[in-house]
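Undergrad: Structure supplied as query-v5.cif; contents: mmCIF, C-alpha atoms and all ligand atoms.
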```
data_upload
loop_
_atom_site.label_atom_id
_atom_site.label_comp_id
_atom_site.auth_asym_id
_atom_site.auth_seq_id
_atom_site.Cartn_x
_atom_site.Cartn_y
_atom_site.Cartn_z
CA MET A 839 0.00 0.00 0.00
CA ALA A 840 1.22 3.54 -0.77
CA LEU A 841 2.55 5.52 2.15
CA SER A 842 0.12 8.03 3.64
CA VAL A 843 0.55 11.56 2.29
CA LEU A 844 1.09 12.55 5.94
CA SER A 845 3.85 10.08 6.75
CA SER A 846 6.84 12.36 6.10
CA TYR A 847 5.35 15.02 8.38
CA ALA A 848 4.76 12.48 11.12
CA ALA A 849 8.34 11.19 10.69
CA THR A 850 9.73 14.71 11.08
CA LEU A 851 7.73 15.18 14.27
CA GLY A 852 9.02 11.83 15.53
CA ARG A 853 12.61 12.95 14.91
CA LEU A 854 11.98 16.23 16.76
CA GLN A 855 10.53 14.26 19.67
CA GLY A 856 13.66 12.09 19.71
CA LYS A 857 15.83 15.20 20.12
CA ALA A 858 13.53 16.70 22.82
CA ARG A 859 12.71 19.45 20.36
CA LEU A 860 9.03 18.77 19.74
CA ARG A 861 6.91 21.83 20.46
CA SER A 862 3.25 21.94 21.37
CA LEU A 863 0.80 24.55 22.56
CA SER A 864 0.11 24.70 26.26
CA PRO A 865 -2.34 26.79 28.23
CA ARG A 866 -1.37 30.01 29.93
CA GLN A 867 -0.96 29.19 33.61
CA GLY A 868 1.31 29.94 36.56
CA VAL A 869 3.08 33.11 37.66
CA ASP A 870 4.34 34.94 34.58
CA PHE A 871 8.08 34.53 33.96
CA THR A 872 7.65 34.02 30.25
CA SER A 873 5.66 36.78 28.60
CA ASN A 874 7.02 39.97 27.09
CA ASP A 875 4.41 42.02 28.96
CA PHE A 876 7.29 43.70 30.76
CA LEU A 877 5.35 46.70 32.10
CA ALA A 878 2.14 44.71 32.78
CA LEU A 879 0.21 46.87 30.33
CA ALA A 880 -1.67 44.07 28.53
CA ASN A 881 -4.20 43.96 31.37
CA ALA A 882 -3.84 47.54 32.58
CA PRO A 883 -7.28 49.14 33.21
CA ARG A 884 -6.13 52.34 31.54
CA LEU A 885 -5.29 50.52 28.31
CA LYS A 886 -8.54 48.57 28.34
CA ASP A 887 -10.51 51.77 28.98
CA ALA A 888 -8.80 53.45 26.02
CA VAL A 889 -9.84 50.59 23.71
CA ARG A 890 -13.39 50.64 25.16
CA CYS A 891 -13.61 54.43 24.61
CA ALA A 892 -12.33 54.02 21.07
CA MET A 893 -15.12 51.51 20.39
CA GLU A 894 -17.65 53.91 21.87
CA ARG A 895 -16.52 56.73 19.60
CA GLY A 896 -17.02 54.47 16.62
CA VAL A 897 -13.57 53.07 15.89
CA PRO A 898 -14.20 49.77 14.05
CA VAL A 899 -12.84 46.39 15.15
CA GLY A 900 -11.63 45.42 11.70
CA ALA A 901 -9.77 47.59 9.21
CA THR A 902 -11.77 46.09 6.28
CA GLY A 903 -8.96 46.19 3.77
CA SER A 904 -5.39 47.11 2.89
CA ARG A 905 -4.08 50.48 4.04
CA LEU A 906 -3.85 51.37 0.34
CA LEU A 907 -7.58 50.74 -0.10
CA ARG A 908 -10.32 51.43 2.44
CA GLY A 909 -8.32 49.93 5.34
CA ASN A 910 -6.54 53.19 6.13
CA HIS A 911 -8.15 54.56 9.30
CA GLN A 912 -7.47 57.83 11.07
CA GLU A 913 -6.42 55.83 14.18
CA HIS A 914 -3.52 54.40 12.14
CA GLU A 915 -2.50 57.83 10.95
CA ALA A 916 -2.87 59.44 14.38
CA LEU A 917 -0.75 56.66 15.90
CA GLU A 918 1.95 57.04 13.25
CA ALA A 919 2.13 60.80 13.76
CA GLU A 920 2.26 60.51 17.56
CA ALA A 921 4.85 57.72 17.42
CA ALA A 922 7.06 59.72 15.02
CA GLU A 923 7.01 62.61 17.45
CA PHE A 924 7.59 60.34 20.47
CA PHE A 925 10.57 58.52 18.94
CA GLY A 926 11.98 61.51 17.06
CA ALA A 927 11.63 59.85 13.66
CA GLU A 928 10.75 61.50 10.38
CA ARG A 929 8.02 58.95 9.63
CA VAL A 930 6.55 55.86 11.24
CA LEU A 931 4.56 53.05 9.60
CA TYR A 932 2.30 50.79 11.68
CA PHE A 933 2.42 47.11 10.72
CA GLY A 934 0.26 44.24 12.00
CA SER A 935 3.27 42.58 13.67
CA GLY A 936 7.00 42.92 14.13
CA TYR A 937 7.43 39.77 12.07
CA ALA A 938 5.59 41.35 9.13
CA ALA A 939 7.52 44.61 9.53
CA ASN A 940 10.94 42.92 9.49
CA SER A 941 9.90 40.71 6.64
CA ALA A 942 8.67 43.73 4.64
CA LEU A 943 11.68 45.86 5.45
CA PHE A 944 14.39 43.35 4.54
CA SER A 945 12.65 42.01 1.46
CA THR A 946 11.96 45.51 0.11
CA LEU A 947 14.59 48.10 1.03
CA PRO A 948 17.99 46.45 0.41
CA GLN A 949 18.45 46.38 -3.36
CA ARG A 950 20.17 44.02 -5.77
CA GLY A 951 23.91 44.70 -5.35
CA ASP A 952 23.54 45.66 -1.65
CA LEU A 953 24.90 43.57 1.22
CA ILE A 954 23.01 42.71 4.41
CA VAL A 955 25.27 41.88 7.35
CA HIS A 956 23.22 40.53 10.22
CA ASP A 957 24.13 39.53 13.73
CA ALA A 958 24.45 35.75 14.14
CA LEU A 959 21.62 35.81 16.70
CA ILE A 960 19.22 38.01 14.74
CA HIS A 961 15.52 37.22 14.95
CA ALA A 962 13.82 34.76 12.58
CA SER A 963 11.70 37.53 11.06
CA VAL A 964 14.84 39.22 9.69
CA HIS A 965 15.87 35.93 8.10
CA GLU A 966 12.41 35.75 6.57
CA GLY A 967 12.88 39.19 4.99
CA ILE A 968 16.38 38.30 3.79
CA ALA A 969 15.02 35.16 2.11
CA GLY A 970 12.82 37.42 -0.02
CA SER A 971 15.53 40.00 -0.72
CA LYS A 972 17.47 40.47 -3.95
CA SER A 973 20.61 41.49 -2.07
CA THR A 974 23.19 39.10 -0.64
CA ALA A 975 23.47 38.45 3.09
CA VAL A 976 26.14 37.26 5.52
CA GLY A 977 26.10 36.67 9.26
CA ALA A 978 28.58 38.30 11.63
CA PRO A 979 29.63 36.93 15.04
CA HIS A 980 27.34 38.13 17.81
CA ASN A 981 27.89 41.73 18.93
CA ASP A 982 31.28 42.00 17.22
CA ALA A 983 31.27 45.45 15.54
CA ASP A 984 34.72 44.84 14.01
CA ALA A 985 33.45 41.67 12.35
CA PHE A 986 30.64 43.68 10.71
CA ASP A 987 33.25 46.14 9.50
CA ASP A 988 35.46 43.33 8.14
CA ALA A 989 32.54 41.68 6.32
CA ILE A 990 31.78 44.96 4.54
CA GLU A 991 35.46 45.56 3.74
CA ARG A 992 35.74 42.09 2.19
CA TRP A 993 32.63 42.68 0.10
CA ARG A 994 33.94 46.06 -1.12
CA LYS A 995 37.29 44.51 -2.02
CA LYS A 996 35.46 41.94 -4.13
CA GLY A 997 33.73 44.76 -6.00
CA GLY A 998 30.60 45.32 -3.89
CA ARG A 999 29.28 48.72 -4.94
CA GLY A 1000 25.84 49.00 -3.37
CA HIS A 1001 24.93 49.94 0.19
CA PRO A 1002 25.66 47.71 3.16
CA TRP A 1003 22.79 47.10 5.62
CA ILE A 1004 23.66 46.25 9.21
CA ALA A 1005 20.91 44.33 11.00
CA VAL A 1006 20.93 43.99 14.78
CA GLU A 1007 18.67 43.84 17.80
CA SER A 1008 19.35 46.46 20.45
CA LEU A 1009 18.55 43.94 23.22
CA TYR A 1010 18.72 40.29 22.23
CA SER A 1011 15.54 38.35 22.79
CA MET A 1012 17.06 35.13 24.12
CA ASP A 1013 20.18 36.46 25.86
CA GLY A 1014 19.09 39.85 27.18
CA ASP A 1015 22.40 41.45 26.17
CA ARG A 1016 22.87 44.71 24.27
CA ALA A 1017 24.32 45.48 20.87
CA PRO A 1018 27.26 47.93 20.60
CA LEU A 1019 25.03 50.43 18.81
CA SER A 1020 27.32 53.43 18.61
CA ALA A 1021 30.22 51.34 17.21
CA LEU A 1022 27.81 49.83 14.65
CA ALA A 1023 26.53 53.28 13.70
CA ASP A 1024 30.15 54.30 13.04
CA VAL A 1025 30.59 51.25 10.80
CA ALA A 1026 27.41 52.13 8.89
CA ASP A 1027 28.52 55.78 8.48
CA ARG A 1028 32.03 54.81 7.38
CA HIS A 1029 30.70 52.56 4.63
CA ASN A 1030 27.83 54.74 3.47
CA GLY A 1031 25.43 52.10 4.73
CA PHE A 1032 22.28 51.70 6.79
CA LEU A 1033 21.87 50.52 10.36
CA VAL A 1034 18.63 48.68 11.13
CA ILE A 1035 17.92 48.32 14.83
CA ASP A 1036 15.22 45.99 16.11
CA GLU A 1037 14.17 47.38 19.49
CA ALA A 1038 11.54 44.70 20.14
CA HIS A 1039 12.71 44.05 23.70
CA ALA A 1040 14.06 47.49 24.55
CA THR A 1041 11.13 49.70 23.52
CA GLY A 1042 9.23 50.89 26.56
CA VAL A 1043 11.85 49.56 28.95
CA PHE A 1044 15.13 51.32 28.15
CA GLY A 1045 16.19 54.76 27.04
CA ASN A 1046 14.94 58.19 27.97
CA GLY A 1047 11.19 57.87 28.60
CA GLY A 1048 11.21 54.26 27.35
CA LYS A 1049 12.20 55.35 23.84
CA GLY A 1050 14.60 52.43 23.53
CA LEU A 1051 18.36 51.95 23.44
CA ALA A 1052 18.63 53.54 19.99
CA ALA A 1053 16.93 56.78 21.03
CA ASP A 1054 20.07 58.83 20.33
CA LEU A 1055 20.44 57.43 16.81
CA GLU A 1056 16.82 57.54 15.78
CA GLY A 1057 15.96 60.13 13.14
CA ARG A 1058 19.28 59.83 11.31
CA GLU A 1059 19.07 59.44 7.56
CA ASN A 1060 20.72 56.01 7.57
CA VAL A 1061 19.08 54.56 10.69
CA ILE A 1062 15.87 52.50 10.70
CA VAL A 1063 14.32 51.41 13.98
CA LEU A 1064 11.63 48.83 14.70
CA HIS A 1065 9.50 49.22 17.83
CA THR A 1066 7.19 46.27 18.34
CA CYS A 1067 3.93 46.87 20.19
CA GLY A 1068 3.15 43.36 21.47
CA LYS A 1069 5.79 43.38 24.20
CA ALA A 1070 6.24 46.27 26.68
CA PHE A 1071 3.38 48.16 24.97
CA GLY A 1072 0.99 45.33 25.83
CA VAL A 1073 -0.91 45.53 22.53
CA SER A 1074 0.12 44.21 19.09
CA GLY A 1075 1.68 45.41 15.86
CA ALA A 1076 4.92 47.24 15.18
CA LEU A 1077 6.06 50.78 14.48
CA LEU A 1078 8.75 51.07 11.84
CA ALA A 1079 10.57 54.39 12.15
CA VAL A 1080 12.15 55.45 8.86
CA PRO A 1081 13.13 58.50 6.81
CA GLY A 1082 10.11 59.82 4.86
CA VAL A 1083 11.34 58.67 1.47
CA LEU A 1084 11.71 55.10 2.73
CA ALA A 1085 8.21 55.19 4.26
CA ASP A 1086 6.83 56.16 0.85
CA TYR A 1087 8.95 53.47 -0.79
CA LEU A 1088 7.57 50.80 1.57
CA VAL A 1089 3.99 51.95 0.96
CA ASN A 1090 4.64 51.50 -2.76
CA ARG A 1091 6.74 48.37 -2.76
CA ALA A 1092 6.43 46.31 0.46
CA ARG A 1093 4.20 43.38 -0.38
CA ALA A 1094 3.45 42.61 3.29
CA PHE A 1095 2.14 46.18 3.66
CA ILE A 1096 0.27 46.40 0.38
CA TYR A 1097 -1.31 42.96 0.10
CA SER A 1098 -2.51 42.57 3.66
CA THR A 1099 -5.49 43.79 5.66
CA ALA A 1100 -4.43 46.70 7.84
CA PRO A 1101 -4.07 46.11 11.59
CA SER A 1102 -7.21 46.58 13.69
CA PRO A 1103 -7.81 50.31 14.25
CA LEU A 1104 -8.68 49.38 17.87
CA MET A 1105 -5.14 48.09 18.34
CA ALA A 1106 -3.83 51.38 16.95
CA ALA A 1107 -5.94 53.19 19.55
CA GLY A 1108 -4.46 50.88 22.20
CA VAL A 1109 -0.88 51.63 21.13
CA ARG A 1110 -1.63 55.37 21.25
CA GLU A 1111 -2.63 54.90 24.88
CA SER A 1112 0.51 52.86 25.62
CA LEU A 1113 2.61 55.79 24.40
CA ARG A 1114 0.73 58.05 26.83
CA ILE A 1115 1.15 55.57 29.68
CA LEU A 1116 4.90 55.47 29.03
CA ARG A 1117 5.00 59.23 29.35
CA ASP A 1118 2.71 59.47 32.41
CA GLU A 1119 3.81 56.44 34.43
CA PRO A 1120 7.62 56.30 34.52
CA GLU A 1121 7.28 54.44 37.83
CA ARG A 1122 6.52 51.28 35.86
CA ARG A 1123 9.98 51.38 34.30
CA THR A 1124 11.60 52.16 37.63
CA ALA A 1125 9.83 49.24 39.33
CA LEU A 1126 10.96 46.87 36.57
CA GLU A 1127 14.52 48.15 36.79
CA ARG A 1128 14.52 47.48 40.54
CA LEU A 1129 13.36 43.88 40.06
CA VAL A 1130 16.06 43.34 37.42
CA VAL A 1131 18.77 44.58 39.79
CA LEU A 1132 17.50 42.43 42.68
CA LEU A 1133 17.20 39.34 40.47
CA GLY A 1134 20.68 39.89 39.07
CA ALA A 1135 22.20 40.10 42.54
CA ARG A 1136 20.45 36.87 43.67
CA LEU A 1137 21.44 34.99 40.51
CA GLU A 1138 25.04 35.94 41.05
CA SER A 1139 25.15 35.12 44.76
CA GLN A 1140 22.91 32.01 44.76
CA PHE A 1141 23.73 30.45 41.38
CA GLY A 1142 26.99 32.05 40.22
CA ILE A 1143 25.19 33.18 37.06
CA ALA A 1144 26.27 36.47 35.46
CA PRO A 1145 23.28 38.82 35.30
CA SER A 1146 22.22 40.02 31.86
CA ARG A 1147 21.36 43.46 33.32
CA SER A 1148 18.03 43.40 31.51
CA GLN A 1149 14.56 42.01 32.03
CA ILE A 1150 15.53 38.96 29.96
CA GLN A 1151 17.72 36.55 31.86
CA PRO A 1152 18.81 33.24 30.32
CA ILE A 1153 19.64 30.30 32.57
CA LEU A 1154 21.84 28.21 30.30
CA ILE A 1155 21.25 24.48 30.62
CA GLY A 1156 22.74 23.12 27.37
CA ASP A 1157 20.93 19.80 27.02
CA ASN A 1158 17.43 20.01 25.49
CA ALA A 1159 15.84 17.25 27.57
CA ARG A 1160 17.26 18.56 30.83
CA ALA A 1161 16.03 22.07 30.07
CA VAL A 1162 12.54 20.67 29.47
CA ARG A 1163 12.62 18.65 32.72
CA ILE A 1164 13.63 21.68 34.79
CA ALA A 1165 11.01 23.88 33.11
CA GLU A 1166 8.34 21.23 33.77
CA ALA A 1167 9.33 21.03 37.44
CA LEU A 1168 8.99 24.80 37.76
CA GLN A 1169 5.64 24.72 35.97
CA ALA A 1170 4.45 22.09 38.46
CA ASP A 1171 5.50 24.52 41.21
CA GLY A 1172 3.19 27.17 39.72
CA PHE A 1173 5.62 29.20 37.58
CA ASP A 1174 5.24 29.82 33.87
CA ILE A 1175 8.82 29.24 32.73
CA ARG A 1176 9.61 27.66 29.37
CA ALA A 1177 12.57 25.79 27.97
CA ILE A 1178 13.92 27.49 24.85
CA ARG A 1179 15.62 25.02 22.51
CA PRO A 1180 17.21 24.97 19.06
CA PRO A 1181 16.53 26.16 16.45
CA THR A 1182 15.36 29.24 18.40
CA VAL A 1183 18.78 29.25 20.10
CA PRO A 1184 22.06 27.70 18.86
CA GLU A 1185 22.56 23.93 19.23
CA GLY A 1186 23.81 22.98 22.71
CA THR A 1187 22.51 26.17 24.36
CA ALA A 1188 19.02 25.13 25.49
CA ARG A 1189 18.00 27.37 28.31
CA LEU A 1190 15.32 28.67 30.58
CA ARG A 1191 14.44 32.17 29.51
CA LEU A 1192 13.41 34.13 32.59
CA SER A 1193 11.42 37.17 31.70
CA VAL A 1194 11.00 39.74 34.46
CA THR A 1195 7.68 41.56 34.21
CA LEU A 1196 5.54 43.58 36.57
CA ASN A 1197 3.14 40.62 36.56
CA ALA A 1198 5.39 39.03 39.23
CA ASP A 1199 6.65 40.79 42.35
CA TRP A 1200 9.85 40.30 44.33
CA SER A 1201 8.31 37.70 46.64
CA ASP A 1202 7.23 35.65 43.58
CA ILE A 1203 10.79 35.91 42.27
CA THR A 1204 12.42 34.74 45.50
CA VAL A 1205 10.10 31.70 45.78
CA MET A 1206 10.72 30.91 42.10
CA LEU A 1207 14.50 31.07 42.62
CA ASP A 1208 14.32 28.60 45.51
CA CYS A 1209 12.26 26.25 43.32
CA LEU A 1210 14.76 26.74 40.48
CA ALA A 1211 17.65 25.76 42.76
CA ALA A 1212 15.76 22.63 43.85
CA ALA A 1213 14.81 21.70 40.27
CA MET A 1214 18.37 22.15 38.99
CA LYS A 1215 19.64 19.92 41.78
CA GLU A 1216 16.98 17.25 41.22
CA HIS A 1217 17.60 17.22 37.46
CA SER A 1218 21.33 17.60 37.63
CA ARG A 1219 21.92 15.60 34.46
C1 LIG B 1301 13.71 40.72 18.10
C2 LIG B 1301 12.32 40.50 17.61
N1 LIG B 1301 11.94 41.07 16.47
C3 LIG B 1301 10.70 40.90 15.97
C4 LIG B 1301 9.78 40.12 16.62
C5 LIG B 1301 8.44 39.92 16.03
O1 LIG B 1301 7.54 40.80 16.62
P1 LIG B 1301 5.98 40.41 16.71
O2 LIG B 1301 5.84 39.49 17.87
O3 LIG B 1301 5.28 41.70 16.87
O4 LIG B 1301 5.64 39.73 15.42
C6 LIG B 1301 10.13 39.52 17.83
C7 LIG B 1301 9.13 38.67 18.54
O5 LIG B 1301 9.43 37.75 19.22
C8 LIG B 1301 11.43 39.70 18.32
O6 LIG B 1301 11.82 39.12 19.46
#
```
Let's see the structure in the file written out as structure tokens.
Ligand SMILES: Cc1ncc(COP(=O)(O)O)c(C=O)c1O

TA:
Amino acid sequence: MALSVLSSYAATLGRLQGKARLRSLSPRQGVDFTSNDFLALANAPRLKDAVRCAMERGVPVGATGSRLLRGNHQEHEALEAEAAEFFGAERVLYFGSGYAANSALFSTLPQRGDLIVHDALIHASVHEGIAGSKSTAVGAPHNDADAFDDAIERWRKKGGRGHPWIAVESLYSMDGDRAPLSALADVADRHNGFLVIDEAHATGVFGNGGKGLAADLEGRENVIVLHTCGKAFGVSGALLAVPGVLADYLVNRARAFIYSTAPSPLMAAGVRESLRILRDEPERRTALERLVVLLGARLESQFGIAPSRSQIQPILIGDNARAVRIAEALQADGFDIRAIRPPTVPEGTARLRLSVTLNADWSDITVMLDCLAAAMKEHSR
């Protein structure tokens, strides 16, 4: 009998299971050490009220079409204008997600003959954009500004004549460490190139007023910054801050922008309120910063782990199956902590990704750390 049309898919899943890499969906439960709701805005009454008020003043749930057709709503435009002012950018475009924004940006702006040099740990959505790009791309070792410089030099020596594009995250999503942004900006300037900074995990948390780690660079002609809205902002979508000419270019050429229903205008209203909350409630950032410092000190003293100095703290385990066992033990203790495995992180670096948010307080953190110590001891191999 012929093999089932599904057999190769089932075999792949079986192989993933064998490597402790099978993923499945699980319900949201336990104290939050996993989400990116860093400032606890997703459930903030003020944000919910803003969305409710928007509904009451007639803002529709669905956009009804592409931004280029009838989907363009004044909430989108108001958000883009307010965000441009907030971040000090010439123009901002609101996308339905950070994934779509990165995909659109990298598949549209770098041209044939250009070179994209991306950090080795760059997010999957940048790879997605690169896959659709006509330019060539190379990876550079993580956070090594000289290696970016060398890669561009080599390309120029071989006759590369276009523009280089440097792609980095300001705060890395799985390691919580920061990119050397000013050195990278120098490299971009020196080579007449662009610097693209994904602020997904820094927006709302770092920088003056929560403007991100790239706040000082934003607004430059050769700097593009992505601020996602599903993390510290507690909503969804992404704000791509670009020079005006590139905003117009994306509106004309980015397939993910043109051939897609616009984001919900209600979400745009929500993001507008998040911007106001950032301005009015700096105490949220201060409270998060305090938890990060306290956690860092305990990790160092109790576990000998170097603190990341950000709200994302990896606990490196290495082995996939062990990481899963420790995460499961912590889940059984009432904590939502997940094992992050390849291919999300490099082979051999499975980890627990601790996310510090205002959804957990210091007493939750101390109990969790005691449970973590016990789980690591129980599952020592
Ligand atoms: C660095 C980075 N960029 C982009 C994205 C995608 O953003 P979104 O979740 O809005 O699609 C993520 C999400 O995990 C991310 O971590």

Undergrad: Hey, which of A:Thr1066, A:Thr1195, A:Gln1151, A:Asn1030 ends up closest to Glu1127 in chain A? Count all atoms listed in the file.

TA: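 Of the candidates, the smallest distance to Glu1127 in chain A is held by A:Thr1195.
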
Undergrad: What's around Met1012 in chain A at 10 Å? Count all atoms listed in the file, leave out sequence neighbours fewer than 3 positions away in its own chain, and write the answer as a ChimeraX atom specification.

TA: /A:959,961,1009,1015,1039,1150-1152,1178,1182-1183,1189-1193

Undergrad: Please find the residues contacting ligand LIG 1301 (chain B) at a distance of at most 9 Å between atoms, with only C-alpha atoms and all ligand atoms counted, and report them as a PyMOL selection string.

TA: chain A and resi 874+933-940+960-964+1006-1012+1036-1039+1064-1069+1074-1076

Undergrad: Can you spit out the residues from that selection as an mmCIF file, in the frame of the given file, using C-alpha atoms?

TA:
```cif
data_model
loop_
_atom_site.group_PDB
_atom_site.id
_atom_site.type_symbol
_atom_site.label_atom_id
_atom_site.label_comp_id
_atom_site.auth_asym_id
_atom_site.auth_seq_id
_atom_site.Cartn_x
_atom_site.Cartn_y
_atom_site.Cartn_z
ATOM 1 C CA ASN A 874 7.020 39.970 27.090
ATOM 2 C CA PHE A 933 2.420 47.110 10.720
ATOM 3 C CA GLY A 934 0.260 44.240 12.000
ATOM 4 C CA SER A 935 3.270 42.580 13.670
ATOM 5 C CA GLY A 936 7.000 42.920 14.130
ATOM 6 C CA TYR A 937 7.430 39.770 12.070
ATOM 7 C CA ALA A 938 5.590 41.350 9.130
ATOM 8 C CA ALA A 939 7.520 44.610 9.530
ATOM 9 C CA ASN A 940 10.940 42.920 9.490
ATOM 10 C CA ILE A 960 19.220 38.010 14.740
ATOM 11 C CA HIS A 961 15.520 37.220 14.950
ATOM 12 C CA ALA A 962 13.820 34.760 12.580
ATOM 13 C CA SER A 963 11.700 37.530 11.060
ATOM 14 C CA VAL A 964 14.840 39.220 9.690
ATOM 15 C CA VAL A 1006 20.930 43.990 14.780
ATOM 16 C CA GLU A 1007 18.670 43.840 17.800
ATOM 17 C CA SER A 1008 19.350 46.460 20.450
ATOM 18 C CA LEU A 1009 18.550 43.940 23.220
ATOM 19 C CA TYR A 1010 18.720 40.290 22.230
ATOM 20 C CA SER A 1011 15.540 38.350 22.790
ATOM 21 C CA MET A 1012 17.060 35.130 24.120
ATOM 22 C CA ASP A 1036 15.220 45.990 16.110
ATOM 23 C CA GLU A 1037 14.170 47.380 19.490
ATOM 24 C CA ALA A 1038 11.540 44.700 20.140
ATOM 25 C CA HIS A 1039 12.710 44.050 23.700
ATOM 26 C CA LEU A 1064 11.630 48.830 14.700
ATOM 27 C CA HIS A 1065 9.500 49.220 17.830
ATOM 28 C CA THR A 1066 7.190 46.270 18.340
ATOM 29 C CA CYS A 1067 3.930 46.870 20.190
ATOM 30 C CA GLY A 1068 3.150 43.360 21.470
ATOM 31 C CA LYS A 1069 5.790 43.380 24.200
ATOM 32 C CA SER A 1074 0.120 44.210 19.090
ATOM 33 C CA GLY A 1075 1.680 45.410 15.860
ATOM 34 C CA ALA A 1076 4.920 47.240 15.180
#
```

Undergrad: Report the distance between CA of Ala880 in chain A and CA of Phe924 in chain A in Å, rounded to one decimal place.

TA: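 Between these atoms lies a distance of 20.4 Å.
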
Undergrad: With distances taken over only C-alpha atoms, which residue among A:Leu1088, A:Ile1115, A:Leu1132, A:Ala921 lies nearest Asp1199 in chain A?

TA: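 The answer is A:Leu1132, which sits nearest to Asp1199 in chain A.
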
Undergrad: One number please: CA of Val1073 in chain A to CA of Ser1112 in chain A, in Å, one decimal.

TA: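 About the pair CA of Val1073 in chain A and CA of Ser1112 in chain A: they are 8.1 Å apart.
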
Undergrad: Report, in Å with one decimal, the straight-line distance from CA of Tyr1087 in chain A to CA of Val1034 in chain A.

TA: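 These two atoms are separated by 16.1 Å.
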
Undergrad: Using only C-alpha atoms, list the residues that have an atom at most 7 Å from (1.1, 47.7, 8.3), coordinates as in the file, as an MDAnalysis selection string.

TA: chainID A and resid 931:934 1095 1100:1101

Undergrad: Residues of the last selection are to be written out with C-alpha atoms, as a JSON list (two decimals), in the coordinates of the input.

TA:
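As a result, part-v9.json now contains:
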```
[["chain", "number", "residue", "atom", "x", "y", "z"],
["A", 931, "LEU", "CA", 4.56, 53.05, 9.60],
["A", 932, "TYR", "CA", 2.30, 50.79, 11.68],
["A", 933, "PHE", "CA", 2.42, 47.11, 10.72],
["A", 934, "GLY", "CA", 0.26, 44.24, 12.00],
["A", 1095, "PHE", "CA", 2.14, 46.18, 3.66],
["A", 1100, "ALA", "CA", -4.43, 46.70, 7.84],
["A", 1101, "PRO", "CA", -4.07, 46.11, 11.59]]
```

Undergrad: Have a look at A:Ile1035, A:Val843, A:Val1131, A:Leu860 and name the one nearest to Pro1145 in chain A; count only C-alpha atoms.

TA: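 Among A:Ile1035, A:Val843, A:Val1131, A:Leu860, it is A:Val1131 that comes nearest to Pro1145 in chain A.
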
Undergrad: At a cut-off of 8 Å, using all atoms listed in the file, what residues contact Ala878 in chain A? Leave out same-chain residues fewer than 6 positions from it and give the result as a ChimeraX atom specification.

TA: /A:1070,1072,1195-1197

Undergrad: Output C-alpha atoms for every residue in that selection, as a CSV table (one decimal), in the coordinates of the input.

TA:
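File part.csv, as written:
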```
chain,number,residue,atom,x,y,z
A,1070,ALA,CA,6.2,46.3,26.7
A,1072,GLY,CA,1.0,45.3,25.8
A,1195,THR,CA,7.7,41.6,34.2
A,1196,LEU,CA,5.5,43.6,36.6
A,1197,ASN,CA,3.1,40.6,36.6
```

Undergrad: Under the rule that all atoms listed in the file are counted, which of A:Gly1050, A:Leu1104, A:Lys857, A:Leu1133 is the nearest residue to Gly1186 in chain A?

TA: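 Residue with the minimum atom-to-atom distance to Gly1186 in chain A: A:Lys857.
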
Undergrad: Which is closest to Asp1208 in chain A among A:Arg1163, A:Arg999, A:Phe1141, A:Ile1155, if we use all atoms listed in the file?

TA: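 Between A:Arg1163, A:Arg999, A:Phe1141, A:Ile1155, the residue approaching Asp1208 in chain A most closely is A:Phe1141.
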